[in-house]
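**Q** If it helps, the file is called query-v5.cif and holds mmCIF, C-alpha atoms:
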```cif
data_coords
#
loop_
_atom_site.label_atom_id
_atom_site.label_comp_id
_atom_site.auth_asym_id
_atom_site.auth_seq_id
_atom_site.Cartn_x
_atom_site.Cartn_y
_atom_site.Cartn_z
CA MET A 1 9.93 18.12 49.08
CA PHE A 2 9.77 18.29 45.28
CA ARG A 3 6.68 18.66 43.16
CA PRO A 4 6.11 17.22 39.70
CA GLY A 5 7.19 19.70 37.07
CA GLU A 6 9.99 21.30 39.11
CA LEU A 7 13.56 21.37 37.77
CA VAL A 8 15.99 19.57 40.03
CA LYS A 9 19.66 19.47 39.06
CA GLY A 10 18.85 19.67 35.35
CA PHE A 11 16.01 17.15 35.43
CA ARG A 12 12.31 17.83 35.23
CA THR A 13 10.36 15.64 37.59
CA ARG A 14 7.40 13.76 36.21
CA THR A 15 4.78 11.62 37.82
CA VAL A 16 5.12 8.22 36.18
CA PRO A 17 2.28 5.72 36.62
CA ARG A 18 3.43 2.39 37.98
CA GLU A 19 1.15 0.32 35.74
CA ARG A 20 -0.49 0.85 32.38
CA THR A 21 -2.86 -1.29 30.41
CA ALA A 22 -1.81 -2.68 27.05
CA LEU A 23 -4.30 -0.36 25.34
CA ALA A 24 -2.85 2.68 27.11
CA ILE A 25 0.71 1.70 26.14
CA TRP A 26 -0.41 1.27 22.52
CA PHE A 27 -2.08 4.68 22.54
CA TRP A 28 1.08 6.43 23.70
CA GLU A 29 3.41 4.50 21.41
CA ILE A 30 1.38 4.55 18.17
CA ASP A 31 2.08 7.23 15.57
CA ARG A 32 -1.26 9.02 15.87
CA VAL A 33 -0.44 11.43 13.04
CA LEU A 34 0.17 8.55 10.63
CA LEU A 35 -2.96 6.76 11.82
CA SER A 36 -5.02 9.94 11.31
CA LEU A 37 -3.74 10.33 7.74
CA ILE A 38 -4.70 6.74 6.92
CA VAL A 39 -8.19 7.17 8.39
CA ALA A 40 -8.54 10.39 6.37
CA LEU A 41 -7.75 8.44 3.18
CA MET A 42 -10.41 5.88 4.09
CA ALA A 43 -12.97 8.65 4.53
CA ILE A 44 -11.99 10.22 1.20
CA GLY A 45 -12.27 6.81 -0.41
CA LEU A 46 -15.85 6.36 0.80
CA VAL A 47 -16.86 9.70 -0.75
CA ALA A 48 -15.05 8.84 -4.00
CA VAL A 49 -16.62 5.38 -4.26
CA ALA A 50 -20.05 6.91 -3.65
CA ALA A 51 -19.40 9.21 -6.63
CA ALA A 52 -18.18 6.37 -8.89
CA SER A 53 -20.58 3.65 -7.75
CA PRO A 54 -23.43 4.62 -10.16
CA VAL A 55 -21.09 4.11 -13.13
CA ALA A 56 -20.24 0.55 -12.09
CA ALA A 57 -23.89 -0.13 -11.20
CA ILE A 58 -25.05 0.86 -14.69
CA ASP A 59 -22.34 -1.28 -16.31
CA ARG A 60 -23.50 -4.31 -14.33
CA SER A 61 -27.23 -3.76 -14.72
CA THR A 62 -29.24 -5.73 -17.25
CA ALA A 63 -32.64 -5.38 -18.87
CA THR A 64 -34.21 -7.39 -16.05
CA ILE A 65 -31.96 -6.54 -13.08
CA ALA A 66 -31.20 -2.98 -11.94
CA VAL A 67 -28.21 -2.73 -9.62
CA ASN A 68 -28.50 -0.27 -6.72
CA PRO A 69 -26.51 2.85 -7.70
CA LEU A 70 -24.80 2.94 -4.29
CA ILE A 71 -24.17 -0.78 -3.94
CA TYR A 72 -20.41 -0.38 -4.19
CA PHE A 73 -20.42 2.37 -1.60
CA TYR A 74 -22.22 0.11 0.86
CA ARG A 75 -19.79 -2.71 0.16
CA GLN A 76 -16.79 -0.42 0.56
CA LEU A 77 -18.18 0.81 3.87
CA MET A 78 -18.45 -2.82 4.98
CA TRP A 79 -14.82 -3.49 4.04
CA VAL A 80 -13.69 -0.36 5.92
CA VAL A 81 -15.60 -1.51 9.01
CA ILE A 82 -13.87 -4.91 8.76
CA GLY A 83 -10.42 -3.66 7.75
CA LEU A 84 -9.96 -0.87 10.28
CA PRO A 85 -10.13 -3.17 13.35
CA VAL A 86 -7.78 -5.61 11.60
CA MET A 87 -5.29 -2.79 11.08
CA LEU A 88 -5.54 -1.64 14.71
CA VAL A 89 -5.14 -5.16 16.11
CA ILE A 90 -2.03 -5.81 14.01
CA SER A 91 -0.60 -2.43 15.06
CA MET A 92 -0.81 -3.57 18.70
CA LEU A 93 1.55 -6.50 18.09
CA PRO A 94 5.13 -6.26 19.37
CA ARG A 95 7.67 -5.97 16.57
CA GLN A 96 8.82 -9.57 16.90
CA GLN A 97 5.28 -10.94 16.68
CA ALA A 98 4.47 -8.63 13.76
CA ARG A 99 7.52 -9.95 11.93
CA ARG A 100 6.50 -13.56 12.58
CA LEU A 101 3.01 -12.84 11.30
CA ALA A 102 4.45 -11.36 8.10
CA LEU A 103 6.73 -14.38 7.55
CA PHE A 104 3.80 -16.75 7.97
CA LEU A 105 1.61 -14.73 5.61
CA CYS A 106 4.41 -14.62 3.03
CA ALA A 107 4.77 -18.40 2.99
CA PHE A 108 0.99 -18.90 2.93
CA PHE A 109 0.25 -16.54 0.05
CA VAL A 110 3.21 -17.73 -2.03
CA ILE A 111 1.68 -21.19 -1.83
CA LEU A 112 -1.70 -19.76 -2.86
CA LEU A 113 -0.02 -17.95 -5.73
CA VAL A 114 1.26 -21.28 -7.00
CA PHE A 115 -2.30 -22.64 -7.09
CA VAL A 116 -3.90 -19.60 -8.74
CA PRO A 117 -3.57 -21.10 -12.28
CA LEU A 118 -5.39 -24.21 -11.03
CA LEU A 119 -7.99 -22.73 -8.67
CA GLY A 120 -8.25 -19.15 -9.89
CA SER A 121 -11.03 -17.47 -11.85
CA THR A 122 -10.49 -15.44 -15.02
CA VAL A 123 -11.45 -11.75 -14.93
CA ASN A 124 -10.79 -9.43 -17.90
CA GLY A 125 -8.54 -12.02 -19.53
CA ALA A 126 -6.29 -12.60 -16.51
CA LYS A 127 -6.41 -15.38 -13.92
CA ARG A 128 -5.44 -13.58 -10.68
CA TRP A 129 -8.32 -14.30 -8.32
CA ILE A 130 -9.40 -17.15 -6.08
CA ASP A 131 -13.13 -17.47 -5.41
CA LEU A 132 -14.48 -18.36 -2.00
CA PRO A 133 -18.15 -18.45 -0.94
CA GLY A 134 -19.17 -14.80 -0.92
CA PHE A 135 -15.65 -13.45 -1.35
CA ARG A 136 -13.12 -13.20 -4.17
CA PHE A 137 -9.55 -12.27 -3.29
CA GLN A 138 -6.25 -11.68 -5.07
CA PRO A 139 -3.36 -13.48 -3.31
CA SER A 140 -0.75 -11.09 -4.73
CA GLU A 141 -2.40 -8.14 -2.92
CA PHE A 142 -2.00 -9.85 0.46
CA LEU A 143 1.47 -11.09 -0.43
CA LYS A 144 2.94 -7.62 -1.05
CA PRO A 145 3.28 -6.38 2.56
CA ALA A 146 4.30 -9.81 3.84
CA TYR A 147 6.92 -10.11 1.09
CA VAL A 148 8.40 -6.70 1.93
CA VAL A 149 8.78 -7.57 5.61
CA THR A 150 10.27 -10.98 4.75
CA ILE A 151 12.88 -9.43 2.43
CA ALA A 152 13.67 -6.81 5.09
CA TRP A 153 14.22 -9.55 7.66
CA LEU A 154 16.50 -11.53 5.37
CA LEU A 155 18.58 -8.48 4.48
CA SER A 156 18.86 -7.46 8.13
CA LEU A 157 20.58 -10.79 8.85
CA ARG A 158 23.63 -9.56 6.90
CA GLY A 159 24.54 -7.40 9.87
CA LYS A 160 24.65 -10.44 12.14
CA ASP A 161 26.44 -12.85 9.81
CA ALA A 162 27.93 -11.57 6.53
CA THR A 163 28.46 -15.14 5.28
CA LEU A 164 24.74 -15.88 5.03
CA PRO A 165 23.54 -16.05 1.38
CA VAL A 166 20.69 -13.64 1.99
CA MET A 167 21.13 -11.83 -1.33
CA ARG A 168 20.64 -15.07 -3.23
CA LEU A 169 17.64 -15.99 -1.11
CA THR A 170 15.94 -12.66 -1.78
CA PHE A 171 16.66 -13.01 -5.50
CA VAL A 172 15.23 -16.53 -5.65
CA LEU A 173 12.08 -15.50 -3.75
CA THR A 174 11.56 -12.42 -5.93
CA ALA A 175 12.18 -14.34 -9.16
CA LEU A 176 9.72 -17.06 -8.11
CA ILE A 177 7.00 -14.50 -7.33
CA ALA A 178 7.68 -12.61 -10.58
CA LEU A 179 7.42 -15.84 -12.58
CA LEU A 180 4.12 -16.77 -10.92
CA LEU A 181 2.70 -13.27 -11.47
CA MET A 182 3.64 -13.15 -15.16
CA ARG A 183 1.87 -16.47 -15.69
CA GLN A 184 -1.44 -14.81 -14.70
CA PRO A 185 -0.35 -12.36 -16.31
CA ASP A 186 0.08 -9.34 -13.99
CA PHE A 187 2.90 -7.08 -15.12
CA GLY A 188 1.94 -4.21 -12.80
CA GLN A 189 2.23 -6.26 -9.62
CA THR A 190 5.49 -7.72 -10.90
CA VAL A 191 6.90 -4.21 -11.23
CA ILE A 192 5.83 -3.40 -7.66
CA PHE A 193 7.50 -6.50 -6.22
CA CYS A 194 10.73 -5.98 -8.16
CA ALA A 195 10.84 -2.26 -7.34
CA CYS A 196 10.40 -2.96 -3.62
CA TRP A 197 13.16 -5.56 -3.79
CA GLY A 198 15.47 -3.09 -5.52
CA ALA A 199 14.68 -0.34 -3.00
CA LEU A 200 15.41 -2.63 -0.06
CA LEU A 201 18.70 -3.74 -1.64
CA LEU A 202 19.71 -0.08 -2.02
CA LEU A 203 18.85 0.64 1.61
CA SER A 204 20.78 -2.42 2.77
CA GLY A 205 23.98 -1.00 1.25
CA ILE A 206 24.78 -2.90 -1.95
CA SER A 207 27.74 -1.94 -4.14
CA PHE A 208 27.59 0.46 -7.09
CA ARG A 209 28.41 -2.46 -9.36
CA MET A 210 25.34 -4.30 -8.16
CA ILE A 211 23.25 -1.16 -8.69
CA GLY A 212 24.42 -1.03 -12.31
CA VAL A 213 23.63 -4.71 -12.83
CA MET A 214 20.14 -4.19 -11.40
CA GLY A 215 19.56 -1.20 -13.68
CA LEU A 216 20.53 -3.19 -16.77
CA ALA A 217 18.36 -6.10 -15.62
CA ALA A 218 15.36 -3.77 -15.19
CA LEU A 219 15.89 -2.35 -18.68
CA GLY A 220 16.18 -5.85 -20.12
CA GLY A 221 13.00 -6.88 -18.34
CA LEU A 222 11.08 -3.97 -19.87
CA VAL A 223 12.35 -4.83 -23.35
CA ALA A 224 11.45 -8.49 -22.89
CA THR A 225 7.99 -7.49 -21.66
CA TYR A 226 7.39 -5.38 -24.74
CA MET A 227 8.56 -8.17 -27.05
CA PHE A 228 6.80 -11.16 -25.47
CA TYR A 229 3.87 -9.76 -23.43
CA GLU A 230 1.17 -8.93 -25.98
CA ASN A 231 -1.18 -7.08 -23.64
CA GLY A 232 1.63 -4.94 -22.25
CA ARG A 233 2.93 -4.18 -25.73
CA GLN A 234 -0.53 -3.09 -26.85
CA ARG A 235 -0.94 -0.76 -23.88
CA ILE A 236 2.47 0.80 -24.46
CA ASN A 237 1.70 1.26 -28.14
CA ASP A 238 -1.63 2.90 -27.31
CA PHE A 239 0.09 5.18 -24.82
CA LEU A 240 2.75 6.20 -27.37
CA GLY A 241 0.17 6.54 -30.15
CA ILE A 242 1.72 3.76 -32.26
CA GLY A 243 -0.84 2.34 -34.66
CA VAL A 244 -3.58 4.67 -33.40
CA THR A 245 -5.90 6.12 -36.07
CA MET A 246 -8.95 8.34 -36.05
CA ASP A 247 -11.15 5.26 -36.30
CA THR A 248 -9.78 3.57 -33.18
CA GLY A 249 -10.96 6.35 -30.84
CA PRO A 250 -9.43 7.36 -27.51
CA ASP A 251 -7.84 4.72 -25.31
CA GLN A 252 -8.35 4.35 -21.56
CA THR A 253 -5.68 6.86 -20.57
CA ASP A 254 -7.13 9.43 -22.98
CA LEU A 255 -10.58 8.99 -21.46
CA ALA A 256 -9.13 9.24 -17.96
CA PHE A 257 -7.23 12.43 -18.78
CA ARG A 258 -10.30 14.03 -20.35
CA THR A 259 -12.34 13.12 -17.28
CA ILE A 260 -9.86 14.34 -14.68
CA THR A 261 -9.48 17.70 -16.44
CA HIS A 262 -13.17 18.19 -17.27
CA GLY A 263 -14.02 19.61 -13.85
CA GLY A 264 -11.26 22.23 -13.83
CA PHE A 265 -9.83 23.27 -10.47
CA THR A 266 -13.05 23.11 -8.46
CA GLY A 267 -15.02 20.33 -10.18
CA VAL A 268 -18.58 20.10 -11.48
CA GLY A 269 -19.95 19.07 -8.08
CA PRO A 270 -20.82 15.72 -6.45
CA GLY A 271 -22.91 13.61 -8.78
CA GLY A 272 -22.56 16.06 -11.66
CA GLY A 273 -19.88 14.25 -13.61
CA GLN A 274 -20.74 12.99 -17.10
CA ASN A 275 -17.39 11.90 -18.53
CA LYS A 276 -17.05 9.32 -15.74
CA PHE A 277 -19.75 7.21 -17.44
CA ARG A 278 -17.33 6.60 -20.33
CA LEU A 279 -14.60 5.23 -18.07
CA PRO A 280 -13.95 1.50 -17.65
CA GLU A 281 -13.74 0.46 -13.98
CA ALA A 282 -14.43 4.00 -12.77
CA HIS A 283 -14.78 2.81 -9.16
CA THR A 284 -11.38 1.08 -9.08
CA ASP A 285 -8.60 1.85 -11.57
CA TYR A 286 -9.87 5.28 -12.65
CA ILE A 287 -11.43 6.62 -9.47
CA PHE A 288 -8.84 9.41 -9.34
CA SER A 289 -10.27 10.78 -12.59
CA VAL A 290 -13.78 10.69 -11.10
CA ILE A 291 -12.49 12.75 -8.17
CA GLY A 292 -10.93 15.24 -10.57
CA GLU A 293 -14.14 15.68 -12.56
CA GLU A 294 -16.53 16.06 -9.63
CA PHE A 295 -14.33 17.64 -6.96
CA GLY A 296 -11.69 19.34 -9.09
CA LEU A 297 -7.94 19.25 -9.60
CA LEU A 298 -7.47 20.95 -6.23
CA ALA A 299 -8.96 17.87 -4.58
CA CYS A 300 -6.59 15.65 -6.57
CA ILE A 301 -3.64 17.76 -5.46
CA ALA A 302 -4.82 17.55 -1.85
CA ILE A 303 -5.03 13.75 -2.06
CA ALA A 304 -1.54 13.56 -3.55
CA CYS A 305 -0.33 15.73 -0.65
CA VAL A 306 -1.87 13.28 1.84
CA TYR A 307 0.07 10.40 0.27
CA LEU A 308 3.23 12.51 0.34
CA ALA A 309 2.61 13.39 4.00
CA ILE A 310 2.34 9.68 4.87
CA ILE A 311 5.65 8.91 3.18
CA VAL A 312 7.44 11.86 4.77
CA ARG A 313 5.98 11.04 8.19
CA VAL A 314 7.33 7.49 8.10
CA LEU A 315 10.77 8.63 6.92
CA LEU A 316 10.95 11.22 9.70
CA ARG A 317 9.94 8.54 12.17
CA LEU A 318 12.91 6.42 11.04
CA LEU A 319 15.55 9.16 11.34
CA ASP A 320 16.68 8.11 14.82
CA GLU A 321 15.82 4.40 14.46
CA GLU A 322 18.81 2.10 15.08
CA ASP A 323 17.38 -1.35 14.33
CA SER A 324 18.20 -2.29 10.73
CA PHE A 325 15.21 -4.61 10.33
CA THR A 326 12.77 -1.92 11.46
CA ILE A 327 14.29 0.62 9.05
CA LEU A 328 14.13 -1.79 6.11
CA ALA A 329 10.64 -3.07 6.89
CA ALA A 330 9.05 0.35 7.44
CA ALA A 331 10.82 1.90 4.44
CA GLY A 332 9.87 -1.06 2.24
CA LEU A 333 6.21 -0.92 3.25
CA THR A 334 6.19 2.81 2.55
CA THR A 335 7.82 2.23 -0.84
CA GLU A 336 5.17 -0.33 -1.78
CA PHE A 337 2.37 1.98 -0.63
CA GLY A 338 3.81 5.04 -2.38
CA LEU A 339 4.57 3.24 -5.67
CA GLN A 340 1.03 1.93 -5.94
CA ALA A 341 -0.38 5.43 -5.40
CA ILE A 342 2.06 7.02 -7.87
CA ILE A 343 1.29 4.46 -10.60
CA ASN A 344 -2.46 4.84 -10.23
CA MET A 345 -2.37 8.66 -10.22
CA GLY A 346 0.15 8.66 -13.08
CA VAL A 347 -2.09 6.49 -15.25
CA ASN A 348 -5.06 8.78 -14.61
CA ALA A 349 -2.94 11.83 -15.44
CA GLN A 350 -1.71 10.16 -18.68
CA ILE A 351 1.88 9.96 -17.41
CA PHE A 352 2.06 6.14 -17.50
CA PRO A 353 0.46 3.53 -19.78
CA SER A 354 -2.81 2.00 -18.67
CA LYS A 355 -2.39 -0.49 -15.82
CA GLY A 356 -5.06 -2.02 -13.62
CA MET A 357 -3.92 -0.89 -10.17
CA THR A 358 -6.03 0.47 -7.34
CA LEU A 359 -5.46 3.75 -5.51
CA PRO A 360 -4.64 2.80 -1.89
CA PHE A 361 -7.61 3.17 0.49
CA ILE A 362 -9.61 5.13 -2.12
CA SER A 363 -10.40 2.66 -4.91
CA TYR A 364 -13.17 0.13 -4.34
CA GLY A 365 -12.17 -3.42 -3.48
CA GLY A 366 -12.42 -5.72 -0.49
CA SER A 367 -9.25 -7.64 -1.32
CA SER A 368 -7.30 -4.43 -1.76
CA MET A 369 -8.73 -2.83 1.39
CA LEU A 370 -7.95 -5.79 3.65
CA ALA A 371 -4.45 -6.21 2.22
CA LEU A 372 -3.72 -2.50 2.70
CA CYS A 373 -5.02 -2.63 6.27
CA ILE A 374 -2.68 -5.53 7.02
CA GLY A 375 0.25 -3.67 5.48
CA VAL A 376 -0.44 -0.42 7.33
CA GLY A 377 -1.05 -2.37 10.53
CA LEU A 378 2.46 -3.84 10.19
CA LEU A 379 3.84 -0.37 9.42
CA LEU A 380 2.20 1.10 12.54
CA ALA A 381 3.55 -1.80 14.61
CA PHE A 382 7.11 -1.23 13.37
CA THR A 383 6.98 2.55 13.89
CA ARG A 384 5.60 2.37 17.44
CA ARG A 385 7.87 4.05 19.91
CA ASN A 386 7.92 5.11 23.55
CA PRO A 387 7.46 8.92 23.38
CA PHE A 388 9.77 9.42 26.35
CA MET A 389 12.70 7.48 24.89
CA GLY A 390 15.62 9.71 23.98
CA ARG A 391 14.52 12.50 26.32
CA HIS A 392 16.07 13.52 29.61
CA THR A 393 16.06 10.86 32.26
CA VAL A 394 12.80 10.73 34.14
CA VAL A 395 13.30 10.95 37.90
CA LYS A 396 10.68 9.82 40.38
CA TRP A 397 10.75 11.53 43.75
CA SER A 398 9.17 9.99 46.78
CA GLY A 399 8.34 13.37 48.24
CA ARG A 400 10.43 12.86 51.36
#
```
Write the structure described by the file as structure tokens, please.
**A**
Amino acid sequence: MFRPGELVKGFRTRTVPRERTALAIWFWEIDRVLLSLIVALMAIGLVAVAAASPVAAIDRSTATIAVNPLIYFYRQLMWVVIGLPVMLVISMLPRQQARRLALFLCAFFVILLVFVPLLGSTVNGAKRWIDLPGFRFQPSEFLKPAYVVTIAWLLSLRGKDATLPVMRLTFVLTALIALLLMRQPDFGQTVIFCACWGALLLLSGISFRMIGVMGLAALGGLVATYMFYENGRQRINDFLGIGVTMDTGPDQTDLAFRTITHGGFTGVGPGGGQNKFRLPEAHTDYIFSVIGEEFGLLACIAIACVYLAIIVRVLLRLLDEEDSFTILAAAGLTTEFGLQAIINMGVNAQIFPSKGMTLPFISYGGSSMLALCIGVGLLLAFTRRNPFMGRHTVVKWSGR
């Protein structure tokens, strides 16, 4: 008679339950480390929004109406409460159903993107939003994760049939989205979409010649943007100091850099920041600078390490993955997530020109929070794995 845990002819016996609930299977298959890192970012974001909320409240207050200083914290908490269950439910989907959901969302939000110029509302000189009763959302935010999964699925078809024109299809889809985004205009989101497309093409195994063509096309796109996109040209000029005089004063990146460095390594303490009141959109685009002023550069470094840990965790998870679609989809979603974080932190650290882009799970925004929860939910669904797969064969003994 053998007992569980004993070695028998090179195998370790294990008691294996005959039936498990769907929730129990999900719990054992989900990447709990990755999920914990995401939840940690959400918690950090709530603290950061609470610190930046008074700035936005003052900006939106009038002589007759005083906005609650913590109004944006309460709203962000509401979006976290809504978004976290959405993320968990999507992470429970089998890979095939998660892929179908992404394909449907991609088609749906591309259609909405077409109608943004007709139905959208103008905010800060750009028409990127669609207003619904009690909710304003940005279709491009929701489109990003769905687009990445759709491109990954198309490129994975090359392994099944090399004659399929998947490269052309991905180019047409990307070009269409880029054209629609530049009409808003939204150069930052265009860069994210094109960069994700390029990263997925590299992972799918394109030729060196194609890599060179893509590099020249990217350079040409940047030159064309500078020549024909007035807002982008102005921001680049401000960043490079072209045309800047003593009378013009500091630009947004200068203010952000002064704010993020004002607190030193340990910060001035929660609620003690003063430079943050000079920042535009302190609770969204420049929340990383608010963190630096009140909690210090060490806190900024710790947050950057959390983002790095998420990227590394996903890549380690894919090391022994054999399905090409899963590799492309998970790597593409991680690329999108990482690029957005790098751009936002780079702008605050005066490494990149000013660009309105949120810091994932930390900046305020219901549209951004829900879109990120959908994307991470898809990522968790694609990285789910049976923890016993790849180990020694499990042997059940009847005890006789």
**Q** Just give me the gap between atom CA of Phe325 of chain A and atom CA of Asp161 of chain A in Å, one decimal is fine.
**A**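 That distance, rounded to one decimal, is 13.9 Å.
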**Q** Apply the PyMOL selection byres ((chain A and resi 114-127) around 10) to the structure shown and report the selected residues as a list of chain:residue names.
**A**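 Evaluating the PyMOL selection byres ((chain A and resi 114-127) around 10) on these coordinates yields A:Phe109, A:Val110, A:Ile111, A:Leu112, A:Leu113, A:Arg128, A:Trp129, A:Ile130, A:Asp131, A:Arg136, A:Phe137, A:Gln138, A:Pro139, A:Ser140, A:Leu176, A:Ile177, A:Leu179, A:Leu180, A:Leu181, A:Arg183, A:Gln184, A:Pro185, A:Asp186, A:Asn231.
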**Q** Return as an NGL selection string the set of residues that the PyMOL selection byres ((chain A and resi 347) around 12) yields on the displayed structure.
**A** :A and (188 or 235-236 or 239 or 251-257 or 260 or 285-289 or 340-346 or 348-359)
**Q** So what do you get for atom CA of Ala309 of chain A versus atom CA of Pro360 of chain A, distance-wise?
**A**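 For atom CA of Ala309 of chain A relative to atom CA of Pro360 of chain A, the distance reads 14.1 Å.
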**Q** Enter the distance from atom CA of Phe228 of chain A to atom CA of Gly212 of chain A, in Å, rounded to one decimal.
**A**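 So the answer is 24.2 Å.
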**Q** Residues of segment 35-72 of chain A within 8 Å of segment 262-276 of chain A: nearest atom pair and distance (Å, one decimal) for each, counting only C-alpha atoms, sorted by chain and number, as a Markdown table?
**A**
```
| residue | atom | partner | partner_atom | distance |
| --- | --- | --- | --- | --- |
| A:Ala51 | CA | A:Gly271 | CA | 6.0 |
| A:Ala52 | CA | A:Lys276 | CA | 7.5 |
| A:Val55 | CA | A:Lys276 | CA | 7.1 |
```
**Q** Could you give me, as a list of chain:residue names, the residues within 12 Å of Ala302 of chain A, counting all atoms listed in the file and dropping anything in the same chain fewer than 4 positions from it?
**A**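 Residues meeting the cut-off are A:Ala40, A:Leu41, A:Ile44, A:Phe265, A:Thr266, A:Phe288, A:Ile291, A:Gly292, A:Phe295, A:Gly296, A:Leu297, A:Leu298, A:Val306, A:Tyr307, A:Leu308, A:Ala309.
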**Q** Given the file above and the PyMOL selection byres ((chain A and resi 98) around 12), which residues are selected, and can you give them as a PyMOL selection string?
**A** chain A and resi 87+89-97+99-105+145-146+149-150+153+325-326+329-330+374-384
**Q** Env of segment 200-205 of chain A: 12 Å cut, atoms = all atoms listed in the file, seq-sep filter 3 positions within chain, self excluded. Answer as an mmCIF file with C-alpha atoms, in the coordinates of the input.
**A**
```
data_model
loop_
_atom_site.group_PDB
_atom_site.id
_atom_site.type_symbol
_atom_site.label_atom_id
_atom_site.label_comp_id
_atom_site.auth_asym_id
_atom_site.auth_seq_id
_atom_site.Cartn_x
_atom_site.Cartn_y
_atom_site.Cartn_z
ATOM 1 C CA TYR A 147 6.920 -10.110 1.090
ATOM 2 C CA VAL A 148 8.400 -6.700 1.930
ATOM 3 C CA VAL A 149 8.780 -7.570 5.610
ATOM 4 C CA THR A 150 10.270 -10.980 4.750
ATOM 5 C CA ILE A 151 12.880 -9.430 2.430
ATOM 6 C CA ALA A 152 13.670 -6.810 5.090
ATOM 7 C CA TRP A 153 14.220 -9.550 7.660
ATOM 8 C CA LEU A 154 16.500 -11.530 5.370
ATOM 9 C CA LEU A 155 18.580 -8.480 4.480
ATOM 10 C CA SER A 156 18.860 -7.460 8.130
ATOM 11 C CA LEU A 157 20.580 -10.790 8.850
ATOM 12 C CA ARG A 158 23.630 -9.560 6.900
ATOM 13 C CA GLY A 159 24.540 -7.400 9.870
ATOM 14 C CA VAL A 166 20.690 -13.640 1.990
ATOM 15 C CA MET A 167 21.130 -11.830 -1.330
ATOM 16 C CA ARG A 168 20.640 -15.070 -3.230
ATOM 17 C CA THR A 170 15.940 -12.660 -1.780
ATOM 18 C CA PHE A 171 16.660 -13.010 -5.500
ATOM 19 C CA PHE A 193 7.500 -6.500 -6.220
ATOM 20 C CA CYS A 194 10.730 -5.980 -8.160
ATOM 21 C CA ALA A 195 10.840 -2.260 -7.340
ATOM 22 C CA CYS A 196 10.400 -2.960 -3.620
ATOM 23 C CA TRP A 197 13.160 -5.560 -3.790
ATOM 24 C CA PHE A 208 27.590 0.460 -7.090
ATOM 25 C CA ARG A 209 28.410 -2.460 -9.360
ATOM 26 C CA MET A 210 25.340 -4.300 -8.160
ATOM 27 C CA ILE A 211 23.250 -1.160 -8.690
ATOM 28 C CA GLY A 212 24.420 -1.030 -12.310
ATOM 29 C CA MET A 214 20.140 -4.190 -11.400
ATOM 30 C CA GLY A 215 19.560 -1.200 -13.680
ATOM 31 C CA SER A 324 18.200 -2.290 10.730
ATOM 32 C CA PHE A 325 15.210 -4.610 10.330
ATOM 33 C CA THR A 326 12.770 -1.920 11.460
ATOM 34 C CA ILE A 327 14.290 0.620 9.050
ATOM 35 C CA LEU A 328 14.130 -1.790 6.110
ATOM 36 C CA ALA A 329 10.640 -3.070 6.890
ATOM 37 C CA ALA A 330 9.050 0.350 7.440
ATOM 38 C CA ALA A 331 10.820 1.900 4.440
ATOM 39 C CA GLY A 332 9.870 -1.060 2.240
ATOM 40 C CA LEU A 333 6.210 -0.920 3.250
ATOM 41 C CA THR A 334 6.190 2.810 2.550
ATOM 42 C CA THR A 335 7.820 2.230 -0.840
ATOM 43 C CA GLU A 336 5.170 -0.330 -1.780
#
```
**Q** Show me, as number ranges by chain, the residues that have an atom within 9 Å of Tyr364 of chain A when counting all atoms listed in the file, minus same-chain residues fewer than 2 positions from it.
**A** A: 45-46, 48-49, 53, 72-73, 75-76, 283-285, 287, 358-359, 361-362, 366, 368-369
**Q** Would you save the residues from that selection as a PDB file, in the frame of the given file, using C-alpha atoms?
**A**
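As written to disk, part_35.pdb reads:
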```
ATOM      1  CA  GLY A  45     -12.270   6.810  -0.410  1.00  0.00           C
ATOM      2  CA  LEU A  46     -15.850   6.360   0.800  1.00  0.00           C
ATOM      3  CA  ALA A  48     -15.050   8.840  -4.000  1.00  0.00           C
ATOM      4  CA  VAL A  49     -16.620   5.380  -4.260  1.00  0.00           C
ATOM      5  CA  SER A  53     -20.580   3.650  -7.750  1.00  0.00           C
ATOM      6  CA  TYR A  72     -20.410  -0.380  -4.190  1.00  0.00           C
ATOM      7  CA  PHE A  73     -20.420   2.370  -1.600  1.00  0.00           C
ATOM      8  CA  ARG A  75     -19.790  -2.710   0.160  1.00  0.00           C
ATOM      9  CA  GLN A  76     -16.790  -0.420   0.560  1.00  0.00           C
ATOM     10  CA  HIS A 283     -14.780   2.810  -9.160  1.00  0.00           C
ATOM     11  CA  THR A 284     -11.380   1.080  -9.080  1.00  0.00           C
ATOM     12  CA  ASP A 285      -8.600   1.850 -11.570  1.00  0.00           C
ATOM     13  CA  ILE A 287     -11.430   6.620  -9.470  1.00  0.00           C
ATOM     14  CA  THR A 358      -6.030   0.470  -7.340  1.00  0.00           C
ATOM     15  CA  LEU A 359      -5.460   3.750  -5.510  1.00  0.00           C
ATOM     16  CA  PHE A 361      -7.610   3.170   0.490  1.00  0.00           C
ATOM     17  CA  ILE A 362      -9.610   5.130  -2.120  1.00  0.00           C
ATOM     18  CA  GLY A 366     -12.420  -5.720  -0.490  1.00  0.00           C
ATOM     19  CA  SER A 368      -7.300  -4.430  -1.760  1.00  0.00           C
ATOM     20  CA  MET A 369      -8.730  -2.830   1.390  1.00  0.00           C
TER      21      MET A 369
END
```
**Q** Measuring atom to atom with only C-alpha atoms, identify which of A:Ile311, A:Ala50, A:Glu141, A:Arg385 is nearest to Glu294 of chain A.
**A**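 Between A:Ile311, A:Ala50, A:Glu141, A:Arg385, the residue approaching Glu294 of chain A most closely is A:Ala50.
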**Q** Return as JSON the centre and edge lengths, in Å with one decimal, of the box along x, y and z that encloses every atom of segment 279-290 of chain A in the file, padded by 8 Å per side.
**A**
```
{"center_x": -11.7, "center_y": 5.6, "center_z": -13.6, "size_x": 22.2, "size_y": 26.3, "size_z": 25.0}
```
